[in-house]
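> Structure supplied as work02.cif; contents: mmCIF, C-alpha atoms.
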data_data
loop_
_atom_site.label_atom_id
_atom_site.label_comp_id
_atom_site.auth_asym_id
_atom_site.auth_seq_id
_atom_site.Cartn_x
_atom_site.Cartn_y
_atom_site.Cartn_z
CA MET A 1 14.64 -6.70 -13.59
CA SER A 2 13.11 -7.80 -10.30
CA GLU A 3 12.64 -11.36 -9.20
CA VAL A 4 8.89 -10.93 -9.44
CA GLU A 5 9.10 -9.78 -13.06
CA THR A 6 11.40 -12.65 -13.98
CA THR A 7 9.08 -15.21 -12.44
CA ASN A 8 6.08 -13.75 -14.24
CA GLU A 9 7.90 -13.77 -17.58
CA GLN A 10 9.04 -17.36 -17.14
CA ASN A 11 5.61 -18.62 -16.17
CA PRO A 12 3.11 -16.27 -17.76
CA ALA A 13 -0.42 -16.69 -16.54
CA PRO A 14 -2.95 -17.28 -19.27
CA GLN A 15 -4.83 -14.08 -19.88
CA ARG A 16 -8.21 -13.59 -21.39
CA LYS A 17 -8.74 -10.31 -23.12
CA ASP A 18 -12.46 -10.43 -22.55
CA LYS A 19 -12.32 -11.03 -18.80
CA LYS A 20 -12.62 -8.00 -16.54
CA PRO A 21 -10.19 -7.84 -13.59
CA SER A 22 -11.66 -8.82 -10.22
CA ARG A 23 -12.33 -6.23 -7.53
CA SER A 24 -9.26 -7.36 -5.57
CA GLN A 25 -7.06 -7.16 -8.69
CA MET A 26 -8.36 -3.65 -9.39
CA ARG A 27 -7.66 -2.58 -5.82
CA SER A 28 -4.14 -4.05 -5.98
CA ALA A 29 -3.53 -2.05 -9.14
CA SER A 30 -4.90 1.05 -7.38
CA ARG A 31 -2.49 0.54 -4.49
CA ARG A 32 0.48 0.19 -6.86
CA LEU A 33 -0.39 3.45 -8.58
CA ALA A 34 -1.14 5.14 -5.24
CA LEU A 35 2.29 4.08 -3.98
CA GLN A 36 3.94 5.73 -6.95
CA ALA A 37 1.83 8.86 -6.50
CA VAL A 38 2.52 9.07 -2.74
CA TYR A 39 6.22 8.59 -3.42
CA GLN A 40 6.13 11.45 -5.94
CA TRP A 41 4.31 13.64 -3.42
CA GLN A 42 6.89 12.85 -0.73
CA MET A 43 9.87 13.51 -2.98
CA ASN A 44 8.70 16.52 -5.03
CA HIS A 45 6.15 18.17 -2.74
CA THR A 46 3.91 18.56 -5.78
CA ALA A 47 0.25 19.39 -5.17
CA VAL A 48 -1.79 16.22 -4.77
CA SER A 49 -4.38 17.40 -7.29
CA GLU A 50 -1.63 17.87 -9.87
CA ILE A 51 -0.23 14.39 -9.20
CA GLU A 52 -3.69 12.85 -9.43
CA THR A 53 -4.36 14.59 -12.75
CA GLN A 54 -0.99 13.48 -14.08
CA PHE A 55 -1.66 9.85 -13.14
CA VAL A 56 -5.14 9.86 -14.66
CA MET A 57 -3.75 11.27 -17.91
CA ASP A 58 -0.43 9.37 -18.12
CA GLN A 59 -1.10 5.97 -16.56
CA ASP A 60 -3.19 3.10 -17.85
CA MET A 61 -5.87 3.13 -15.19
CA GLY A 62 -8.24 0.80 -16.98
CA ALA A 63 -7.42 -2.12 -14.69
CA CYS A 64 -7.61 -0.16 -11.45
CA ASP A 65 -10.36 1.16 -9.21
CA LYS A 66 -9.94 4.89 -9.83
CA ALA A 67 -12.09 5.87 -6.86
CA TYR A 68 -9.98 3.71 -4.54
CA PHE A 69 -6.76 5.14 -6.00
CA ARG A 70 -8.09 8.64 -5.32
CA GLU A 71 -9.23 7.73 -1.80
CA VAL A 72 -5.87 6.18 -0.86
CA LEU A 73 -3.89 9.05 -2.38
CA GLN A 74 -6.06 11.73 -0.74
CA GLY A 75 -6.27 9.90 2.58
CA VAL A 76 -2.53 9.27 2.86
CA THR A 77 -1.44 12.74 1.81
CA SER A 78 -4.01 14.66 3.88
CA GLY A 79 -3.49 12.47 6.95
CA ALA A 80 0.25 11.82 6.69
CA LYS A 81 1.12 13.28 10.11
CA LYS A 82 -1.61 11.26 11.83
CA LEU A 83 -0.63 8.10 9.97
CA ASP A 84 3.05 8.63 10.81
CA SER A 85 2.18 8.97 14.49
CA LEU A 86 0.47 5.57 14.40
CA PHE A 87 3.64 3.70 13.49
CA GLU A 88 6.53 6.01 14.40
CA GLU A 89 7.07 4.55 17.88
CA LEU A 90 7.10 1.04 16.39
CA LEU A 91 10.15 1.82 14.25
CA ASP A 92 13.61 0.53 15.16
CA ARG A 93 15.30 3.57 13.63
CA PRO A 94 14.72 7.30 13.50
CA PHE A 95 11.77 8.26 11.33
CA ALA A 96 14.04 10.42 9.11
CA GLU A 97 16.11 7.34 8.22
CA LEU A 98 13.19 5.47 6.65
CA ASP A 99 13.61 4.72 2.96
CA PRO A 100 11.08 6.82 0.98
CA ILE A 101 9.47 3.70 -0.51
CA GLU A 102 9.17 2.08 2.93
CA LEU A 103 7.61 5.29 4.24
CA ALA A 104 5.07 5.42 1.42
CA VAL A 105 4.19 1.73 1.90
CA LEU A 106 3.86 2.15 5.67
CA ARG A 107 1.62 5.17 5.19
CA ILE A 108 -0.64 3.27 2.80
CA GLY A 109 -0.76 0.29 5.16
CA ALA A 110 -1.47 2.52 8.16
CA PHE A 111 -4.23 4.27 6.19
CA GLU A 112 -5.92 1.00 5.30
CA LEU A 113 -5.58 -0.39 8.82
CA SER A 114 -6.88 2.73 10.54
CA GLU A 115 -9.36 4.19 8.05
CA ARG A 116 -10.57 1.37 5.82
CA LEU A 117 -12.17 -1.07 8.23
CA ASP A 118 -13.88 -2.77 5.27
CA VAL A 119 -10.42 -4.04 4.22
CA PRO A 120 -9.50 -7.04 6.41
CA TYR A 121 -6.31 -6.41 8.39
CA ARG A 122 -4.58 -9.39 6.81
CA VAL A 123 -5.34 -8.05 3.34
CA ALA A 124 -4.03 -4.58 4.26
CA ILE A 125 -0.79 -6.05 5.59
CA ASN A 126 -0.34 -8.49 2.71
CA GLU A 127 -0.95 -5.84 0.06
CA SER A 128 1.62 -3.56 1.71
CA VAL A 129 4.14 -6.40 1.89
CA GLU A 130 3.60 -7.05 -1.82
CA LEU A 131 4.17 -3.36 -2.58
CA ALA A 132 7.41 -3.47 -0.58
CA LYS A 133 8.52 -6.61 -2.44
CA GLY A 134 7.80 -5.01 -5.79
CA PHE A 135 9.18 -1.54 -5.19
CA GLY A 136 11.30 -1.60 -2.03
CA ALA A 137 14.76 -2.74 -1.08
CA THR A 138 15.53 -6.45 -0.88
CA GLU A 139 14.44 -7.06 2.72
CA SER A 140 12.08 -4.12 3.20
CA HIS A 141 8.99 -6.33 2.94
CA LYS A 142 9.98 -8.07 6.19
CA TYR A 143 10.36 -4.72 7.94
CA VAL A 144 7.02 -3.47 6.60
CA ASN A 145 5.34 -6.71 7.68
CA GLY A 146 6.69 -6.41 11.24
CA ILE A 147 5.66 -2.77 11.66
CA LEU A 148 2.18 -3.20 10.21
CA ASP A 149 1.58 -6.39 12.19
CA LYS A 150 2.33 -4.48 15.41
CA LEU A 151 0.11 -1.61 14.26
CA ALA A 152 -2.73 -4.02 13.47
CA GLN A 153 -2.53 -5.35 17.05
CA ARG A 154 -3.32 -1.81 18.20
CA VAL A 155 -5.88 -0.55 15.70
CA ARG A 156 -7.64 -3.80 14.78
CA ARG A 157 -7.59 -5.54 18.16
CA GLU A 158 -11.24 -6.67 18.00
CA GLU A 159 -10.94 -8.04 14.47
CA ILE A 160 -7.80 -10.00 15.38
CA ALA A 161 -9.39 -11.38 18.57
CA ALA A 162 -12.51 -12.44 16.66
CA ARG A 163 -10.37 -14.23 14.08
CA ARG A 164 -8.45 -16.09 16.80
CA ASN A 165 -11.66 -17.16 18.56
CA ARG A 166 -13.16 -18.82 15.50
#
Turn this file's structure into structure tokens for me.


Amino acid sequence: MSEVETTNEQNPAPQRKDKKPSRSQMRSASRRLALQAVYQWQMNHTAVSEIETQFVMDQDMGACDKAYFREVLQGVTSGAKKLDSLFEELLDRPFAELDPIELAVLRIGAFELSERLDVPYRVAINESVELAKGFGATESHKYVNGILDKLAQRVRREEIAARRNR
């Protein structure tokens, strides 16, 4: 059981059954499912359409933004080589030595930073860090944070400068 799960069990948040999840909660859920789907694609080389169908049928997608899940999954898998090229030179190890979860998280983060300009860069980085905390190795979230922060300096330069000048 992860530290995150333990904390949540010890201090459960009050939940209303009648309250619909917020847009940000639905997108977070979409990213978690997309991470699992991208990981499956990386490991099994299964057709993306087959993975997507499997997730829609087998996963509880009621609390996620299905369109965003689909967009992230399709965008990451179809643009993997381009996304990899965005962060590969920022790595401190050979690309082939990346943990598969770290790779999937970095691809999702790179996709959001480069293709989803409606998602603030800090949100894209934070969501990826949270994915790494939840699914990755113990310290992988720090590594993911460092790589995506450097990538954001390149692909979101204007947004970062505007934020600093406020």

> Do you have the atom CA of Phe69 of chain A-atom CA of Gly136 of chain A distance handy?

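Going from atom CA of Phe69 of chain A over to atom CA of Gly136 of chain A, I get 19.7 Å.
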
> If you count all atoms listed in the file, which residues fall within 7 Å of Ala104 of chain A, apart from same-chain ones fewer than 6 positions away, as an MDAnalysis selection string?

chainID A and resid 35 38:39

> Mind listing whatever residues come within 12 Å of the point (-12.4, 2.0, -2.2)? Use all atoms listed in the file, file coordinates, and give them as a list of chain:residue names.

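Looking at atoms near the point gives A:Arg23, A:Ser24, A:Met26, A:Arg27, A:Ser28, A:Ala29, A:Ser30, A:Arg31, A:Cys64, A:Asp65, A:Lys66, A:Ala67, A:Tyr68, A:Phe69, A:Arg70, A:Glu71, A:Val72, A:Leu73, A:Gln74, A:Gly75, A:Phe111, A:Glu112, A:Glu115, A:Arg116, A:Leu117, A:Asp118, A:Val119.
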
> Between A:Ser114, A:Ser22, A:Thr77, A:Thr46, which residue has the minimum interatomic distance to Arg157 of chain A, considering only C-alpha atoms?

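Using only C-alpha atoms, the shortest distance to Arg157 of chain A belongs to A:Ser114.
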
> So that I can see what lies close to Lys133 of chain A, please list as a ChimeraX atom specification the residues with an atom at most 12 Å from it, counting all atoms listed in the file and leaving out residues fewer than 4 positions away in the same chain.

/A:2-5,32,101-102,105,126-129,137-145

> Of the candidates A:Pro120, A:Gly146, A:Gly109, A:Pro21, which one gets nearest to Leu83 of chain A if we count all atoms listed in the file?

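Checking each of A:Pro120, A:Gly146, A:Gly109, A:Pro21 against Leu83 of chain A, counting all atoms listed in the file, the winner is A:Gly109.
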
> If I take atom CA of Ala132 of chain A and atom CA of Ile108 of chain A, how far is one from the other in Å, to one decimal?

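If I compute the distance from atom CA of Ala132 of chain A to atom CA of Ile108 of chain A, I get 11.0 Å.
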
> Using Å and a single decimal, report how far atom CA of Leu148 of chain A sits from atom CA of Leu106 of chain A.

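One can read the atom CA of Leu106 of chain A to atom CA of Leu148 of chain A distance as 7.2 Å.
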
> Which of these, A:Ile147, A:Met57, A:Val76, A:Ala37, has the shortest distance to Leu90 of chain A once you count all atoms listed in the file?

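Comparing A:Ile147, A:Met57, A:Val76, A:Ala37 against Leu90 of chain A, the winner is A:Ile147.
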
> Would you please work out which residue, of A:Lys150, A:Arg122, A:Glu130, A:Arg164, is nearest to Glu88 of chain A when using only C-alpha atoms?

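Smallest distance to Glu88 of chain A is found for A:Lys150.
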
> I need the output of the PyMOL selection byres ((chain A and resi 84) around 10) for this file as a list in words; which residues are they?

Val76, Gly79, Ala80, Lys81, Lys82, Leu83, Ser85, Leu86, Phe87, Glu88, Glu89, Phe95, Leu103, Leu106, Arg107, Ala110 and Phe111 of chain A

> Hey, could you pull the box centre and edge lengths for segment 54-72 of chain A, axis-aligned, 6 Å padding per side, all listed atoms, to one decimal in Å, as lines of an AutoDock Vina configuration file?


center_x = -6.3
center_y = 5.7
center_z = -9.5
size_x = 23.7
size_y = 27.6
size_z = 29.3

> Which residue, A:Arg93, A:Arg156, A:Lys20, A:His45, has the smallest gap to Ala124 of chain A when you use all atoms listed in the file?

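Under the stated criterion, the closest residue is A:Arg156.
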
> Between A:Arg166, A:Ser49, A:Leu33, A:Glu159, which residue has the minimum interatomic distance to Met61 of chain A, considering all atoms listed in the file?

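Ranking A:Arg166, A:Ser49, A:Leu33, A:Glu159 by distance to Met61 of chain A, first place goes to A:Leu33.
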